[in-house]
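Chemist: mmCIF, C-alpha atoms, saved as protein.cif, coming up:
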data_protein
loop_
_atom_site.label_atom_id
_atom_site.label_comp_id
_atom_site.auth_asym_id
_atom_site.auth_seq_id
_atom_site.Cartn_x
_atom_site.Cartn_y
_atom_site.Cartn_z
CA MET P 1 31.93 45.31 53.00
CA LEU P 2 34.59 42.91 54.15
CA ALA P 3 35.02 45.03 57.27
CA ALA P 4 31.27 45.01 57.73
CA ILE P 5 31.10 41.25 57.54
CA GLU P 6 33.86 41.14 60.12
CA GLY P 7 31.65 43.28 62.34
CA ASP P 8 33.15 46.79 61.94
CA SER P 9 29.99 48.86 62.12
CA GLN P 10 31.60 52.21 61.34
CA ALA P 11 33.13 50.99 58.10
CA TYR P 12 29.79 49.42 57.29
CA CYS P 13 27.95 52.68 57.93
CA ARG P 14 30.36 54.56 55.63
CA LEU P 15 29.92 51.96 52.93
CA LEU P 16 26.11 52.11 53.03
CA ILE P 17 26.18 55.90 52.93
CA SER P 18 28.50 55.85 49.92
CA LEU P 19 26.26 53.37 48.09
CA THR P 20 23.09 55.36 48.63
CA PRO P 21 23.47 57.97 45.83
CA ALA P 22 24.08 55.23 43.27
CA LEU P 23 21.03 53.29 44.50
CA ARG P 24 18.96 56.44 44.35
CA GLY P 25 20.13 57.03 40.78
CA MET P 26 19.19 53.49 39.74
CA ALA P 27 15.78 53.79 41.33
CA ARG P 28 15.15 57.14 39.69
CA ARG P 29 16.08 55.85 36.25
CA GLY P 30 13.87 52.82 36.76
CA PHE P 31 10.92 54.94 37.82
CA GLU P 32 11.42 57.30 34.89
CA ARG P 33 11.50 54.45 32.42
CA VAL P 34 8.04 53.30 33.45
CA GLY P 35 6.77 56.83 33.95
CA LEU P 36 6.33 56.85 37.72
CA GLY P 37 6.89 59.90 39.89
CA ASN P 38 9.74 60.50 42.30
CA ALA P 39 7.74 60.22 45.47
CA GLU P 40 8.44 56.60 46.26
CA ILE P 41 12.04 56.40 45.07
CA GLU P 42 13.32 56.72 48.61
CA ASP P 43 11.16 53.79 49.66
CA VAL P 44 12.90 51.65 47.06
CA VAL P 45 16.31 52.93 48.19
CA GLN P 46 15.50 51.97 51.78
CA GLU P 47 14.13 48.61 50.75
CA THR P 48 17.32 47.95 48.78
CA LEU P 49 19.52 48.95 51.72
CA LEU P 50 17.57 46.55 53.93
CA ALA P 51 18.08 43.78 51.37
CA ILE P 52 21.81 44.52 51.07
CA HIS P 53 21.99 44.28 54.84
CA LEU P 54 19.93 41.15 55.36
CA LYS P 55 21.41 39.30 52.37
CA ARG P 56 25.04 40.36 52.81
CA GLY P 57 25.90 36.72 53.46
CA THR P 58 25.26 35.96 49.76
CA TRP P 59 28.12 38.19 48.65
CA ASP P 60 31.10 36.06 47.63
CA ARG P 61 34.05 37.83 49.24
CA THR P 62 36.44 36.68 46.57
CA ARG P 63 34.56 38.73 43.98
CA SER P 64 34.04 42.45 43.57
CA LEU P 65 31.19 44.11 45.38
CA GLY P 66 29.78 46.20 42.52
CA PRO P 67 27.97 43.53 40.50
CA TRP P 68 26.48 42.06 43.66
CA VAL P 69 25.08 45.39 44.82
CA THR P 70 23.74 46.07 41.34
CA ALA P 71 22.05 42.65 41.22
CA ILE P 72 20.35 43.25 44.59
CA ALA P 73 19.26 46.74 43.55
CA ARG P 74 17.91 45.51 40.23
CA TYR P 75 15.91 42.72 41.87
CA LYS P 76 14.40 45.14 44.38
CA LEU P 77 13.64 47.73 41.72
CA VAL P 78 11.90 45.23 39.45
CA ASP P 79 10.04 43.77 42.41
CA SER P 80 8.79 47.12 43.63
CA LEU P 81 7.86 48.38 40.16
CA ARG P 82 5.86 45.22 39.60
CA ARG P 83 4.12 45.71 42.93
CA ARG P 84 3.40 49.36 42.31
CA GLY P 85 2.18 48.58 38.82
CA ARG P 86 -0.46 46.36 40.34
CA SER P 87 -1.67 48.83 42.94
CA THR P 88 -4.33 51.17 41.69
CA ASP P 89 -3.43 54.29 43.63
CA ILE P 90 -0.87 55.44 41.09
CA GLN P 91 -2.53 57.97 38.82
CA ILE P 92 -0.96 60.08 36.12
CA ASP P 93 -2.52 63.14 37.77
CA ASP P 94 -0.45 62.53 40.87
CA LEU P 95 2.73 62.94 38.91
CA ALA P 96 2.63 66.74 38.87
CA ASP P 97 2.29 66.88 42.65
CA THR P 98 5.00 64.37 43.35
CA LEU P 99 7.41 66.06 40.97
CA ALA P 100 6.79 69.34 42.75
CA ASP P 101 7.65 68.07 46.20
CA GLY P 102 10.22 65.55 45.00
CA ALA P 103 13.20 67.73 45.83
CA ALA P 104 12.02 68.44 49.35
CA ASN P 105 11.69 64.71 49.90
CA GLU P 106 15.30 63.89 49.20
CA GLY P 107 16.60 61.38 51.73
CA SER P 108 13.27 60.79 53.36
CA ALA P 109 10.88 58.05 52.42
CA HIS P 110 7.41 59.07 51.34
CA HIS P 111 4.96 57.31 53.58
CA ASP P 112 5.71 53.62 53.40
CA ALA P 113 8.55 53.79 55.88
CA GLU P 114 6.45 55.45 58.57
CA LYS P 115 3.57 53.07 57.96
CA VAL P 116 5.95 50.14 57.99
CA LEU P 117 7.66 51.33 61.17
CA GLY P 118 4.25 51.71 62.78
CA SER P 119 3.56 48.02 62.23
CA LEU P 120 6.26 47.00 64.73
CA ASN P 121 5.32 46.58 68.36
CA ASP P 122 6.01 49.45 70.79
CA ARG P 123 9.26 48.10 72.16
CA GLN P 124 10.63 47.32 68.70
CA GLN P 125 9.65 50.79 67.53
CA GLU P 126 11.38 52.38 70.47
CA ILE P 127 14.56 50.38 69.87
CA VAL P 128 14.65 51.17 66.15
CA ARG P 129 13.85 54.85 66.72
CA SER P 130 16.39 55.44 69.45
CA ILE P 131 19.18 53.68 67.55
CA SER P 132 18.41 55.16 64.16
CA ILE P 133 16.76 58.56 64.59
CA ASP P 134 18.33 59.49 67.93
CA GLY P 135 21.60 57.75 67.05
CA LYS P 136 22.04 56.16 70.48
CA PRO P 137 24.50 53.31 70.98
CA VAL P 138 23.03 49.89 71.70
CA ARG P 139 24.42 49.95 75.24
CA ASP P 140 22.47 53.07 76.21
CA VAL P 141 19.26 51.74 74.72
CA ALA P 142 19.68 48.50 76.64
CA GLU P 143 20.23 50.39 79.88
CA LYS P 144 17.22 52.61 79.36
CA LEU P 145 14.88 49.72 78.57
CA GLY P 146 16.36 47.46 81.23
CA MET P 147 17.32 44.83 78.67
CA THR P 148 20.63 43.12 77.99
CA GLU P 149 22.66 44.34 75.01
CA VAL P 150 22.22 41.01 73.32
CA ALA P 151 18.45 41.22 73.68
CA VAL P 152 18.44 44.69 72.13
CA ARG P 153 20.57 43.45 69.23
CA VAL P 154 18.29 40.48 68.67
CA SER P 155 15.22 42.69 68.78
CA LEU P 156 16.80 45.18 66.37
CA HIS P 157 17.67 42.41 63.95
CA ARG P 158 14.13 41.00 64.10
CA SER P 159 12.68 44.45 63.57
CA LEU P 160 14.80 44.98 60.46
CA LYS P 161 13.68 41.65 59.05
CA LEU P 162 10.07 42.59 59.79
CA LEU P 163 10.54 45.97 58.09
CA ALA P 164 11.84 44.23 54.97
CA GLU P 165 8.85 41.88 54.99
CA ARG P 166 6.34 44.67 55.48
CA TYR P 167 7.87 46.59 52.60
CA ARG P 168 7.06 43.63 50.40
CA GLY P 169 3.51 43.77 51.66
CA GLY P 170 3.84 40.70 53.90
CA MET V 171 12.23 57.67 58.57
CA LYS V 172 15.21 59.17 56.80
CA THR V 173 17.55 56.97 54.83
CA THR V 174 20.50 58.01 57.00
CA ASP V 175 18.52 56.92 60.07
CA LEU V 176 17.88 53.56 58.52
CA ILE V 177 21.59 53.21 57.75
CA ALA V 178 22.35 53.94 61.42
CA ALA V 179 20.03 51.11 62.43
CA LEU V 180 21.57 48.74 59.87
CA SER V 181 25.12 49.50 61.03
CA ALA V 182 24.13 48.85 64.64
CA ASP V 183 22.94 45.42 63.49
CA SER V 184 26.27 44.45 61.91
CA TYR V 185 27.99 41.48 63.40
CA ALA V 186 30.47 38.92 62.23
CA GLY V 187 29.82 35.34 61.25
CA MET V 188 27.18 34.91 58.57
CA GLY V 189 27.91 31.23 57.94
CA SER V 190 28.63 29.65 54.57
CA THR V 191 25.86 29.09 52.05
CA ARG V 192 27.62 26.01 50.72
CA ARG V 193 27.81 24.41 54.13
CA ARG V 194 24.12 25.13 54.76
CA PHE V 195 23.14 23.32 51.55
CA TYR V 196 25.32 20.33 52.34
CA GLY V 197 23.70 20.24 55.77
CA SER V 198 20.27 20.32 54.15
CA VAL V 199 21.06 17.50 51.74
CA LEU V 200 22.38 15.42 54.61
CA ALA V 201 19.44 16.19 56.90
CA GLY V 202 16.98 15.50 54.07
CA ALA V 203 18.62 12.17 53.29
CA VAL V 204 18.67 11.08 56.95
CA VAL V 205 14.99 11.90 57.52
CA THR V 206 14.07 10.24 54.22
CA ALA V 207 16.02 7.13 55.21
CA GLY V 208 14.01 6.98 58.43
CA MET V 209 10.73 7.40 56.56
CA PHE V 210 11.74 4.77 54.04
CA LEU V 211 12.78 2.15 56.59
CA MET V 212 9.65 2.65 58.67
CA SER V 213 7.23 2.53 55.75
CA MET V 214 8.36 0.34 52.86
CA GLY V 215 11.93 -0.88 53.43
CA TRP V 216 14.10 -2.42 50.76
CA ARG V 217 12.97 -5.28 48.55
CA PRO V 218 13.53 -8.76 50.00
CA ASP V 219 15.64 -9.99 47.09
CA ILE V 220 18.04 -7.06 47.21
CA GLY V 221 21.00 -9.41 47.64
CA THR V 222 20.50 -11.03 44.25
CA ALA V 223 19.23 -7.85 42.58
CA ILE V 224 22.54 -6.17 43.26
CA GLY V 225 24.26 -8.71 41.03
CA THR V 226 22.13 -7.78 38.02
CA ILE V 227 22.77 -4.92 35.62
CA ARG V 228 19.37 -3.24 35.65
CA PHE V 229 18.92 -2.79 39.42
CA PRO V 230 22.26 -1.00 40.10
CA PHE V 231 21.69 1.11 37.00
CA LYS V 232 18.68 2.73 38.66
CA PHE V 233 21.05 4.22 41.23
CA VAL V 234 23.38 5.43 38.52
CA VAL V 235 20.44 7.45 37.19
CA THR V 236 19.00 8.70 40.50
CA LEU V 237 22.40 9.59 41.91
CA ALA V 238 23.28 11.30 38.64
CA ILE V 239 20.29 13.57 39.22
CA VAL V 240 21.57 14.50 42.68
CA MET V 241 25.23 14.83 41.72
CA SER V 242 24.63 16.88 38.61
CA THR V 243 22.17 19.35 40.15
CA ALA V 244 23.30 19.73 43.79
CA PRO V 245 26.48 21.69 42.93
CA PHE V 246 24.27 24.41 41.43
CA LEU V 247 22.27 25.05 44.60
CA VAL V 248 24.81 27.60 45.80
CA ARG V 249 24.73 29.33 42.44
CA MET V 250 20.93 29.51 42.52
CA ALA V 251 21.05 31.25 45.91
CA SER V 252 23.08 34.12 44.48
CA PRO V 253 21.51 37.34 43.17
CA VAL V 254 24.33 37.65 40.63
CA ASP V 255 24.61 34.12 39.19
CA GLY V 256 21.17 32.74 39.98
CA GLY V 257 19.65 33.84 36.69
CA SER V 258 20.56 30.78 34.64
CA LEU V 259 21.31 27.09 34.97
CA PRO V 260 24.03 25.55 32.77
CA HIS V 261 22.94 22.67 30.53
CA ARG V 262 25.37 20.26 32.11
CA ALA V 263 23.41 20.66 35.35
CA VAL V 264 20.36 18.94 33.94
CA GLY V 265 21.70 16.99 30.97
CA ALA V 266 23.54 14.06 32.60
CA ALA V 267 20.63 12.00 33.93
CA PRO V 268 18.41 12.28 30.80
CA LEU V 269 21.35 11.22 28.60
CA LEU V 270 22.00 8.18 30.78
CA ILE V 271 18.34 7.18 30.66
CA LEU V 272 18.15 7.64 26.91
CA LEU V 273 21.19 5.44 26.39
CA ALA V 274 19.76 2.77 28.70
CA VAL V 275 16.40 2.83 26.93
CA VAL V 276 18.08 2.22 23.58
CA LEU V 277 20.08 -0.70 25.01
CA GLU V 278 16.95 -2.15 26.66
CA LEU V 279 14.99 -1.97 23.42
CA LEU V 280 17.81 -3.84 21.70
CA ALA V 281 18.08 -6.43 24.47
CA LEU V 282 14.38 -7.22 24.87
CA PRO V 283 12.10 -8.79 22.26
CA ALA V 284 9.40 -6.34 21.15
CA ASP V 285 6.55 -8.30 22.78
CA ARG V 286 8.03 -7.68 26.24
CA TRP V 287 8.47 -3.92 25.84
CA TRP V 288 4.99 -3.01 27.00
CA ASP V 289 5.04 -5.16 30.16
CA SER V 290 8.44 -3.79 31.15
CA LEU V 291 7.23 -0.27 30.69
CA VAL V 292 4.03 -0.69 32.69
CA GLY V 293 5.79 -2.68 35.41
CA SER V 294 3.99 -3.71 38.58
CA ASN V 295 4.26 -0.63 40.81
CA ALA V 296 3.74 2.41 38.61
CA PHE V 297 1.32 4.19 40.93
CA LEU V 298 3.32 3.39 44.04
CA CYS V 299 6.29 4.91 42.24
CA LEU V 300 4.35 8.08 41.42
CA GLY V 301 3.18 8.43 45.02
CA ALA V 302 6.27 7.30 46.91
CA ILE V 303 8.94 9.35 45.13
CA PRO V 304 7.20 12.68 45.79
CA LEU V 305 6.54 11.72 49.44
CA LEU V 306 10.14 10.62 49.96
CA SER V 307 11.27 13.94 48.42
CA VAL V 308 9.40 16.13 50.89
CA PRO V 309 12.01 16.17 53.72
CA SER V 310 14.86 17.14 51.39
CA ALA V 311 12.75 19.67 49.53
CA VAL V 312 11.78 21.39 52.79
CA ALA V 313 15.37 21.41 54.08
CA LEU V 314 16.72 22.77 50.79
CA MET V 315 14.04 25.45 50.51
CA LEU V 316 14.84 26.64 54.04
CA ALA V 317 18.51 26.97 53.11
CA MET V 318 17.62 28.67 49.82
CA LYS V 319 15.37 31.11 51.70
CA ARG V 320 18.44 32.47 53.48
CA GLY V 321 20.01 33.24 50.14
CA ALA V 322 18.92 35.84 47.60
CA PRO V 323 17.92 33.87 44.50
CA ALA V 324 17.74 35.99 41.36
CA ARG V 325 14.96 33.74 40.05
CA PRO V 326 12.90 32.26 42.87
CA ARG V 327 10.97 29.83 40.65
CA LEU V 328 14.14 28.43 39.08
CA ALA V 329 15.77 28.18 42.51
CA GLY V 330 12.71 26.28 43.75
CA ALA V 331 12.89 23.94 40.76
CA VAL V 332 16.54 23.10 41.47
CA CYS V 333 15.70 22.39 45.13
CA GLY V 334 12.94 20.09 43.88
CA LEU V 335 15.19 18.32 41.40
CA VAL V 336 17.83 17.54 44.02
CA ALA V 337 15.14 16.43 46.49
CA ALA V 338 13.47 14.23 43.88
CA GLY V 339 16.83 12.62 43.14
CA ILE V 340 17.21 11.78 46.83
CA GLY V 341 13.63 10.50 47.06
CA ALA V 342 14.03 8.37 43.92
CA THR V 343 17.30 6.88 45.19
CA PHE V 344 15.52 5.55 48.27
CA TYR V 345 12.46 4.40 46.38
CA ALA V 346 14.68 2.48 43.96
CA LEU V 347 15.78 0.28 46.89
CA HIS V 348 12.19 -0.87 47.31
CA CYS V 349 10.95 -0.90 43.73
CA ASP V 350 11.29 -4.19 41.83
CA ASP V 351 10.65 -2.72 38.40
CA ASP V 352 14.18 -2.45 37.11
CA SER V 353 13.68 -2.02 33.38
CA PRO V 354 15.07 1.26 32.02
CA LEU V 355 11.73 1.54 30.17
CA PHE V 356 9.92 1.72 33.52
CA VAL V 357 12.49 4.14 34.97
CA ALA V 358 12.34 6.38 31.91
CA VAL V 359 8.57 6.76 32.16
CA TRP V 360 7.57 6.60 35.82
CA TYR V 361 10.65 7.84 37.64
CA THR V 362 10.89 10.71 35.18
CA LEU V 363 7.25 11.58 35.68
CA ALA V 364 7.60 11.51 39.47
CA VAL V 365 10.72 13.70 39.33
CA ALA V 366 8.94 16.11 37.00
CA ILE V 367 6.01 16.38 39.42
CA VAL V 368 8.29 17.16 42.36
CA THR V 369 10.28 19.67 40.31
CA SER V 370 7.29 21.59 39.02
CA VAL V 371 5.54 21.71 42.39
CA SER V 372 8.79 22.97 43.93
CA ALA V 373 9.12 25.62 41.23
CA ALA V 374 5.62 26.87 41.99
CA ILE V 375 6.31 26.90 45.74
CA GLY V 376 9.69 28.57 45.16
CA GLY V 377 8.03 31.32 43.15
CA ARG V 378 5.99 32.15 46.23
CA VAL V 379 8.21 31.50 49.24
CA LEU V 380 11.70 32.23 47.90
CA ARG V 381 11.01 35.87 47.06
CA TRP V 382 12.93 38.33 49.19
#
Would you mind writing the file out in structure tokens?

Modeler:
Amino acid sequence: MLAAIEGDSQAYCRLLISLTPALRGMARRGFERVGLGNAEIEDVVQETLLAIHLKRGTWDRTRSLGPWVTAIARYKLVDSLRRRGRSTDIQIDDLADTLADGAANEGSAHHDAEKVLGSLNDRQQEIVRSISIDGKPVRDVAEKLGMTEVAVRVSLHRSLKLLAERYRGG
Amino acid sequence: MKTTDLIAALSADSYAGMGSTRRRFYGSVLAGAVVTAGMFLMSMGWRPDIGTAIGTIRFPFKFVVTLAIVMSTAPFLVRMASPVDGGSLPHRAVGAAPLLILLAVVLELLALPADRWWDSLVGSNAFLCLGAIPLLSVPSAVALMLAMKRGAPARPRLAGAVCGLVAAGIGATFYALHCDDDSPLFVAVWYTLAVAIVTSVSAAIGGRVLRW
């Protein structure tokens, strides 16, 4: 994380990947405790990763990372359970279906992420897609879109903030 | 979108230099105080007899109380912005100012004959006090909430309340320069009420806008 805060994106990527299984485990336990299916666990994992990213400035570097990550994950889990508890489209009958396709869904968010991604404007979508799904470096994306690298970075950052907001239903 | 894809996007967004939370809050307190000072000077200004008032005991004591609110709560702003520590507020953060007021009220009751208690309590500017302190708190409350919004408060309502408490302390400090009701009885009732209003409104706003 320290490397990430210093701007080393490869170390940061490795860190986020290594955190993901633990986050997934926390989300799964939380969903089980309130009797929700597995389908939306990955949405919570992604929302938590976004929060870790956007709020990384609140980590006190003199202290260990674990409790901070856990606190972020717990907040996001509680928040999303509360939100899902309010929405009416969660039915007990759905549980059987979601359990059945739960395994196939591993690592891929149910539907929220696509919906949320679709709420960005075309250019933002293209930037996020080519950097994330196609794994292109920022420089190539900038060249292709005829933008400066800084502009692409700014747009990417805004898009990520928007994604986090949309996840919360904003 | 797969989680690994999202992580790729997040790593591409990593950059150095996030800025210090502590410095942001100090900046907010300063900015809030400067704007409030401007508001105060343009609207009410200090009382004309401030030169003699300063030599009394009761007038300077008002600043002991209002500054105690600021000094005892402001150090906990950073804590409130943290997802790890933001769940609770230590007693010493909110205890200092009420203890000072309580002590002063006891002394005032001993110093004044009973037939003057009521007039001292009602004062001459109670409603101005209730209106002016909240208004003078707005700039600081807004600045502090903006700084808090960049944090990750574990309890958004509590974080909002602390922002409000600090802002109310700043607002009350300025109002005290204008107000000519100096009795601790007046301060204990009306200042406290005004600070409570600002704090609870800020808690309600915090519960809405400080979620992340």

Chemist: Report as a VMD selection string the residues that result from applying the PyMOL selection byres ((chain V) within 8 of (chain P)) to the structure here.

Modeler: chain V and resid 171 to 191 251 to 254 320 to 322 324 382

Chemist: For stretch 372-378 of chain V, I'd like the enclosing box, axis-aligned and padded by 3 Å on every side, reported as lines of an AutoDock Vina configuration file with centre and edge lengths in Å to one decimal.

Modeler:
center_x = 7.7
center_y = 27.6
center_z = 43.7
size_x = 10.1
size_y = 15.2
size_z = 11.0

Chemist: What lies within 12 Å of V:Gly341 using all atoms listed in the file, ignoring chain neighbours under 5 positions off, as an MDAnalysis selection string?

Modeler: chainID V and resid 199 202:210 233 236:237 239:240 299:311 334:336 346:348 361 364:365 368:369

Chemist: For the file shown, report as a PyMOL selection string the outcome of the PyMOL selection byres ((chain V and resi 318) around 12) at residue level.

Modeler: (chain P and resi 55+58) or (chain V and resi 191-199+246-253+256+310-317+319-334+376-377+379-382)

Chemist: For stretch 271-280 of chain V, please output as a list in words all residues within 6 Å (counting all atoms listed in the file; exclusion window: fewer than 2 positions along the same chain).

Modeler: Pro268, Leu269, Leu282, Pro354 and Leu355 of chain V

Chemist: Mind giving me the straight-line distance from atom CA of V:Arg262 to atom CA of V:Thr243 in Å, one decimal?

Modeler: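 For atom CA of V:Arg262 relative to atom CA of V:Thr243, the distance reads 8.7 Å.
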
Chemist: As an exercise, work out the distance from atom CA of V:Arg286 to atom CA of V:Val235 in Å and give it to one decimal place.

Modeler: 22.4 Å

Chemist: What's the separation between atom CA of P:Arg63 and atom CA of P:Arg28, in Å to one decimal place?

Modeler: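 Separation of atom CA of P:Arg63 and atom CA of P:Arg28: 27.1 Å.
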
Chemist: Which polymer residues, whether protein, DNA or RNA, lie within 12 Å of the coordinate (17.5, 51.6, 34.7) when you count all atoms listed in the file? List them as a ChimeraX atom specification, using the chain letters and numbers from the file.

Modeler: /P:22-35,70-71,73-75,77-78,81
